[in-house]
2 protein chains.
Amino acid sequence: MLAQSGNLGTQILAFAAKEDIGIRAFCGSGNEAMITIEDYMEGFEVDEKTKTVVLYVESVKNGRRFFELAKRIGKKKPVIILKGGRTDAGSSAAASHTGAMASDIKVFMAACRQAGIVQAESPMDLLDLSASFSSLPLPKGNKVGILTLGGGWGVVASDLCEENGLIVPKLTEDVILKINKLLPPFWSHANPIDIVAEMNAQTYMKILEELIKWSGCDSIIHMGLIGRMSMIKGVLESTVAVDKKYGSKFVEDSLFYIENFEKQTIEQTVKLMEKYNKPIVGVYLLSDDKTRTVTEVNGGKYKGVNFITPERAVKALAKMYQYSKWLND
Amino acid sequence: MLAQSGNLGTQILAFAAKEDIGIRAFCGSGNEAMITIEDYMEGFEVDEKTKTVVLYVESVKNGRRFFELAKRIGKKKPVIILKGGRTDAGSSAAASHTGAMASDIKVFMAACRQAGIVQAESPMDLLDLSASFSSLPLPKGNKVGILTLGGGWGVVASDLCEENGLIVPKLTEDVILKINKLLPPFWSHANPIDIVAEMNAQTYMKILEELIKWSGCDSIIHMGLIGRMSMIKGVLESTVAVDKKYGSKFVEDSLFYIENFEKQTIEQTVKLMEKYNKPIVGVYLLSDDKTRTVTEVNGGKYKGVNFITPERAVKALAKMYQYSKWLND
């Protein structure tokens with residue numbers, strides 16, 4: 001991570017630590033009296049442990065060098081930028097902060113697109129994209145399979161996909177037939193796959209595998225399969241409070257079971273990603289002290305990536321698709 | 001809160017509980033075989049403890065009744081909507097979820113604007129807007145004063161303001177002269193006010209009051225004044241680890257001081273809001289177990305509202321301004 005703002009950089013680092021998002025190194029390049037952002041970028045270009053180059057930039061002194069370099073790096077690893085000073089108000093603030101020269105933002109953004117630089121809209125995007133690009137295989141296309149524990153969330157995720165340039169493809173007959181064998185007859189028979197009534201963890205994984213195997217789908221978002229600890233804990237404690245048949249051991253055992261299930265779910269999604277080379281992103285829909293964006297699974301090539309909300313999952317996949325498209329054009 | 005999805009509703013309730021956002025009542029209206037969303041809305045209209053009416057809607061059976069009712073309610077309290085099925089993909093998913101009929105989304109959204117219904121873009125927006133509308137005075141205009149502990153964050157917030165229809169006005173000479181008396185000569189002399197080098201808590205409050213008093217400013221975003229507990233804790237613990245002059249009492253005392261300072265800061269912003277009738281939104285820039293969106297201050301008419309990121313603060317103020325404008329047109 002490279003930022004023309006020490007404060008912004010260090011606060012993002014603190015968020016990264018909280019979300020288990022690995023940061024290889026951080027450089028605050030200040031007002032670049034001597035060493036510029038391009039110099040640091042050349043370092044990250046050759047550093048093998050740097051998987052993604054993340055930038056907060058207010059102004060670039062040597063445009064040609066910056067964009068040529070970013071394009072060259074981009075062929076090897078993604079370059080992500082948050083441009084400070086996209087508006088008149090932002091430019092004025094940047095001028096008083098780092099002495100940034102105002103540039104034509106449309107030209108700058110077009111040059112970014114040509115150079116394959118992924119554009120973030122807010123500081124937190126930088127982290128979400130860093131986590132996703134560094135942990136997941138790239139999607140080869142923009143078709144998203146959605147698996148949800150609630151119909152409303154499926155609607156919300158579908159809207160967000162389409163608004164962000166992703167497609168929610170209709171299931172083909174062969175996939176429907178396969179899922180018919182796994183779910184009761186009243187399942188949605190469509191993408192998003194609504195599995196609201198099904199509580200068997202192994203079934204989720206079987207459906208996930210049918211979906212990822214399917215040539216009509218380039219990536220998957222699943223919602224609500226994990227992240228239910230705090231809600232289930234509440235239900236269990238209420239049960240114990242009203243029904244003396246159940247004791248604290250019941251609560252402990254159940255929570256241990258759920259915790260294990262969530263761990264295994266992440267492990268299995270990582271295995272599926274390796275096997276089929278397509279990204280899978282989870283959505284917790286709830287958070288507690290243990291929810292993390294990135295979960296490292298021992299020995300896996302990829303990592304589990306799970307966001308709290310569908311909008312973050314969709315945005316990450318949309319930006320990964322844009323980069324993948326640029327890479328292959 | 002009224003949702004045509006039980007699952008989405010209950011999960012949002014869990015988030016609300018975590019953020020101390022008060023929910024008066026929740027109705028899941030399902031597929032509305034008998035009682036429709038308009039019926040529930042009439043209940044919330046007359047319920048004095050309901051300050052904001054929050055809706056997740058996939059389809060409306062009686063458009064005329066819905067929009068006339070929303071407009072009538074909107075004159076008394078804000079109505080916020082997340083429309084499920086804004087896109088083809090979302091509409092298909094909604095059809096299989098609640099049997100929602102597809103509607104022309106542009107017409108629906110235009111009718112919302114006419115009726116003063118505030119439009120959310122994602123489920124979490126519903127909560128952020130609910131918290132802001134129920135806890136803060138409405139801004140009378142779109143001019144935002146920004147106070148920041150870091151220059152980069154000021155740039156980021158300025159960009160976000162302008163992109164969301166808000167203005168970051170230039171400070172007038174009289175305000176600059178007043179702040180000159182409070183900050184060392186190298187302060188930004190501009191809005192955003194960058195107070196990076198100043199660590200005196202009382203100075204923050206004096207600047208905040210100068211800014212809110214100023215007729216050129218309708219609302220305030222402050223960033224980094226609070227939310228530094230986890231970072232400072234880390235610094236203190238490292239200090240104790242390397243320098244034996246400092247013991248655990250030093251850490252405890254310092255943390256107690258910071259905690260008190262943060263509490264007082266929120267109390268004072270609430271007092272300033274009452275005195276000047278303009279909203280103040282804070283941004284933590286960091287989060288820990290204790291950060292909450294809403295902080296109730298005993299006896300205050302308003303509540304403290306603090307988000308983790310500037311994008312959420314900006315969006316909330318932008319939507320409040322839109323509603324305020326509709327109300328006064």
# chains A, B, ... in the order shown; residues from 1 in each chain; ligands from 1
$ residues_around --residues "Leu160 of chain A" --least-positions-apart "5" --cutoff "12 Å" --atoms "only C-alpha atoms" --output "tab-separated table (two decimals) with N, CA and C atoms, in the first residue's frame"
chain	number	residue	atom	x	y	z
A	144	VAL	N	-22.91	-14.24	-12.46
A	144	VAL	CA	-22.82	-14.56	-11.03
A	144	VAL	C	-23.93	-15.52	-10.61
A	146	ILE	N	-25.97	-16.97	-7.47
A	146	ILE	CA	-26.25	-16.48	-6.11
A	146	ILE	C	-26.96	-17.57	-5.31
A	153	TRP	N	-32.80	-11.11	0.37
A	153	TRP	CA	-31.38	-10.89	0.12
A	153	TRP	C	-31.01	-11.26	-1.31
A	154	GLY	N	-31.69	-12.27	-1.86
A	154	GLY	CA	-31.44	-12.64	-3.26
A	154	GLY	C	-31.85	-11.52	-4.20
A	155	VAL	N	-32.97	-10.88	-3.90
A	155	VAL	CA	-33.45	-9.75	-4.71
A	155	VAL	C	-32.44	-8.61	-4.63
A	165	GLY	N	-22.84	-3.94	-13.38
A	165	GLY	CA	-22.33	-4.52	-14.62
A	165	GLY	C	-22.15	-6.03	-14.59
A	166	LEU	N	-22.75	-6.69	-13.61
A	166	LEU	CA	-22.67	-8.15	-13.57
A	166	LEU	C	-24.02	-8.73	-14.02
A	167	ILE	N	-23.98	-9.98	-14.43
A	167	ILE	CA	-25.19	-10.64	-14.93
A	167	ILE	C	-25.58	-11.75	-13.96
A	168	VAL	N	-26.90	-11.87	-13.70
A	168	VAL	CA	-27.40	-12.98	-12.89
A	168	VAL	C	-28.10	-13.93	-13.87
A	221	ILE	N	-21.75	-15.76	-5.31
A	221	ILE	CA	-21.95	-15.07	-4.04
A	221	ILE	C	-22.88	-15.93	-3.20
A	309	THR	N	-21.80	-7.31	4.07
A	309	THR	CA	-22.98	-6.93	3.28
A	309	THR	C	-22.83	-7.34	1.81
A	310	PRO	N	-23.96	-7.58	1.13
A	310	PRO	CA	-23.89	-7.96	-0.29
A	310	PRO	C	-23.28	-6.88	-1.18
A	311	GLU	N	-23.49	-5.60	-0.86
A	311	GLU	CA	-22.97	-4.55	-1.74
A	311	GLU	C	-21.45	-4.62	-1.85
A	312	ARG	N	-20.79	-4.99	-0.77
A	312	ARG	CA	-19.33	-5.08	-0.83
A	312	ARG	C	-18.88	-6.28	-1.65
A	313	ALA	N	-19.60	-7.40	-1.53
A	313	ALA	CA	-19.26	-8.59	-2.31
A	313	ALA	C	-19.44	-8.32	-3.80
A	314	VAL	N	-20.54	-7.68	-4.15
A	314	VAL	CA	-20.85	-7.40	-5.55
A	314	VAL	C	-19.81	-6.45	-6.14
A	315	LYS	N	-19.50	-5.40	-5.41
A	315	LYS	CA	-18.54	-4.42	-5.91
A	315	LYS	C	-17.18	-5.08	-6.15
A	316	ALA	N	-16.76	-5.93	-5.24
A	316	ALA	CA	-15.47	-6.61	-5.39
A	316	ALA	C	-15.46	-7.47	-6.65
A	317	LEU	N	-16.50	-8.25	-6.86
A	317	LEU	CA	-16.54	-9.12	-8.05
A	317	LEU	C	-16.60	-8.27	-9.33
A	318	ALA	N	-17.34	-7.17	-9.28
A	318	ALA	CA	-17.46	-6.32	-10.46
A	318	ALA	C	-16.10	-5.75	-10.86
B	82	LEU	N	-36.07	1.09	0.54
B	82	LEU	CA	-35.18	0.33	-0.32
B	82	LEU	C	-36.10	-0.47	-1.22
B	83	LYS	N	-36.02	-0.20	-2.53
B	83	LYS	CA	-36.89	-0.90	-3.47
B	83	LYS	C	-36.15	-2.14	-3.96
B	84	GLY	N	-36.73	-3.30	-3.74
B	84	GLY	CA	-36.19	-4.54	-4.27
B	84	GLY	C	-36.77	-4.76	-5.66
B	85	GLY	N	-35.92	-5.12	-6.62
B	85	GLY	CA	-36.40	-5.28	-8.00
B	85	GLY	C	-36.26	-4.00	-8.79
B	86	ARG	N	-35.11	-3.36	-8.67
B	86	ARG	CA	-34.86	-2.15	-9.46
B	86	ARG	C	-34.37	-2.51	-10.86
B	87	THR	N	-33.91	-3.74	-11.02
B	87	THR	CA	-33.32	-4.17	-12.29
B	87	THR	C	-34.09	-5.40	-12.79
B	88	ASP	N	-33.80	-5.83	-14.01
B	88	ASP	CA	-34.44	-7.04	-14.53
B	88	ASP	C	-34.11	-8.24	-13.64
B	89	ALA	N	-32.84	-8.35	-13.29
B	89	ALA	CA	-32.42	-9.49	-12.45
B	89	ALA	C	-33.13	-9.45	-11.10
B	90	GLY	N	-33.20	-8.28	-10.51
B	90	GLY	CA	-33.87	-8.13	-9.22
B	90	GLY	C	-35.36	-8.39	-9.32
B	91	SER	N	-35.99	-7.92	-10.41
B	91	SER	CA	-37.43	-8.14	-10.60
B	91	SER	C	-37.74	-9.63	-10.73
B	121	GLU	N	-29.95	2.79	-1.28
B	121	GLU	CA	-29.40	1.96	-2.35
B	121	GLU	C	-29.03	0.55	-1.88
B	122	SER	N	-28.94	0.37	-0.58
B	122	SER	CA	-28.58	-0.96	-0.07
B	122	SER	C	-29.19	-1.12	1.32
B	123	PRO	N	-29.28	-2.38	1.79
B	123	PRO	CA	-29.91	-2.60	3.10
B	123	PRO	C	-29.26	-1.80	4.22
$ residues_around --residues "Leu183 of chain B" --least-positions-apart "4" --cutoff "10 Å" --atoms "only C-alpha atoms" --output "list in words"
Lys178, Ile179, Trp187, Ser188, His189, Asp194, Ile195, Ala197, Glu198, Thr203, Tyr204 and Ile207 of chain B
$ atom_distance --atom1 "atom CA of Val46 of chain A" --atom2 "atom CA of Ala25 of chain A"
13.2 Å
$ atom_distance --atom1 "atom CA of Ser130 of chain A" --atom2 "atom CA of Thr52 of chain A"
6.3 Å
$ residues_around --residues "segment 252-267 of chain B" --least-positions-apart "3" --cutoff "12 Å" --atoms "only C-alpha atoms" --output "PyMOL selection string"
chain B and resi 199-206+208+222+224-237+240+246-249+270-274+280-284+290-306
$ residues_around --residues "Met1 of chain B" --least-positions-apart "2" --cutoff "8 Å" --atoms "only C-alpha atoms" --output "count of residues only"
10
$ select_by_dssp --residues "segment 93-146 of chain B" --states "alpha helix (DSSP H)" --output "list in words"
Ala93, Ala94, Ala95, Ser96, His97, Ile105, Lys106, Val107, Phe108, Met109, Ala110, Ala111, Cys112, Arg113, Gln114, Pro123, Met124, Asp125, Leu126, Leu127, Asp128, Leu129, Ser130, Ala131, Ser132, Phe133, Ser134 and Ser135 of chain B
$ closest_residue --among "A:Asn62, A:Ser324, A:Thr50, A:Ser158" --to "chain B" --atoms "only C-alpha atoms"
A:Ser158
$ select_by_dssp --residues "segment 49-187 of chain B" --states "strand (DSSP E)" --output "ChimeraX atom specification"
/B:53-57,79-83,118-119,144-148
$ write_last_selection --atoms "C-alpha atoms" --output "compact mmCIF listing (two decimals), in the first residue's frame"
# COMPACT_ATOMS: atom_id res chain seq x y z
CA VAL B 53 -40.66 4.98 8.64
CA VAL B 54 -38.27 2.54 6.97
CA LEU B 55 -39.48 0.30 4.13
CA TYR B 56 -38.15 -2.65 2.15
CA VAL B 57 -40.61 -3.01 -0.72
CA VAL B 79 -40.23 7.76 4.87
CA ILE B 80 -37.21 5.80 3.61
CA ILE B 81 -37.40 3.05 1.03
CA LEU B 82 -35.18 0.33 -0.32
CA LYS B 83 -36.89 -0.90 -3.47
CA VAL B 118 -35.96 9.00 0.63
CA GLN B 119 -34.37 6.31 -1.52
CA VAL B 144 -20.88 21.12 4.78
CA GLY B 145 -18.11 22.19 7.13
CA ILE B 146 -15.42 19.54 7.51
CA LEU B 147 -13.09 19.16 10.47
CA THR B 148 -10.38 16.53 10.11
$ atom_distance --atom1 "atom CA of Gly63 of chain A" --atom2 "atom CA of Phe133 of chain A"
25.1 Å
$ closest_residue --among "A:Lys49, A:His97, A:Lys18, A:Lys71" --to "chain B" --atoms "only C-alpha atoms"
A:His97
$ residues_around --residues "Ala115 of chain A" --least-positions-apart "3" --cutoff "8 Å" --atoms "only C-alpha atoms" --output "count of residues only"
7
$ closest_residue --among "A:Leu171, A:Lys275, A:Leu149, A:Thr269" --to "Ser5 of chain B" --atoms "only C-alpha atoms"
A:Leu149
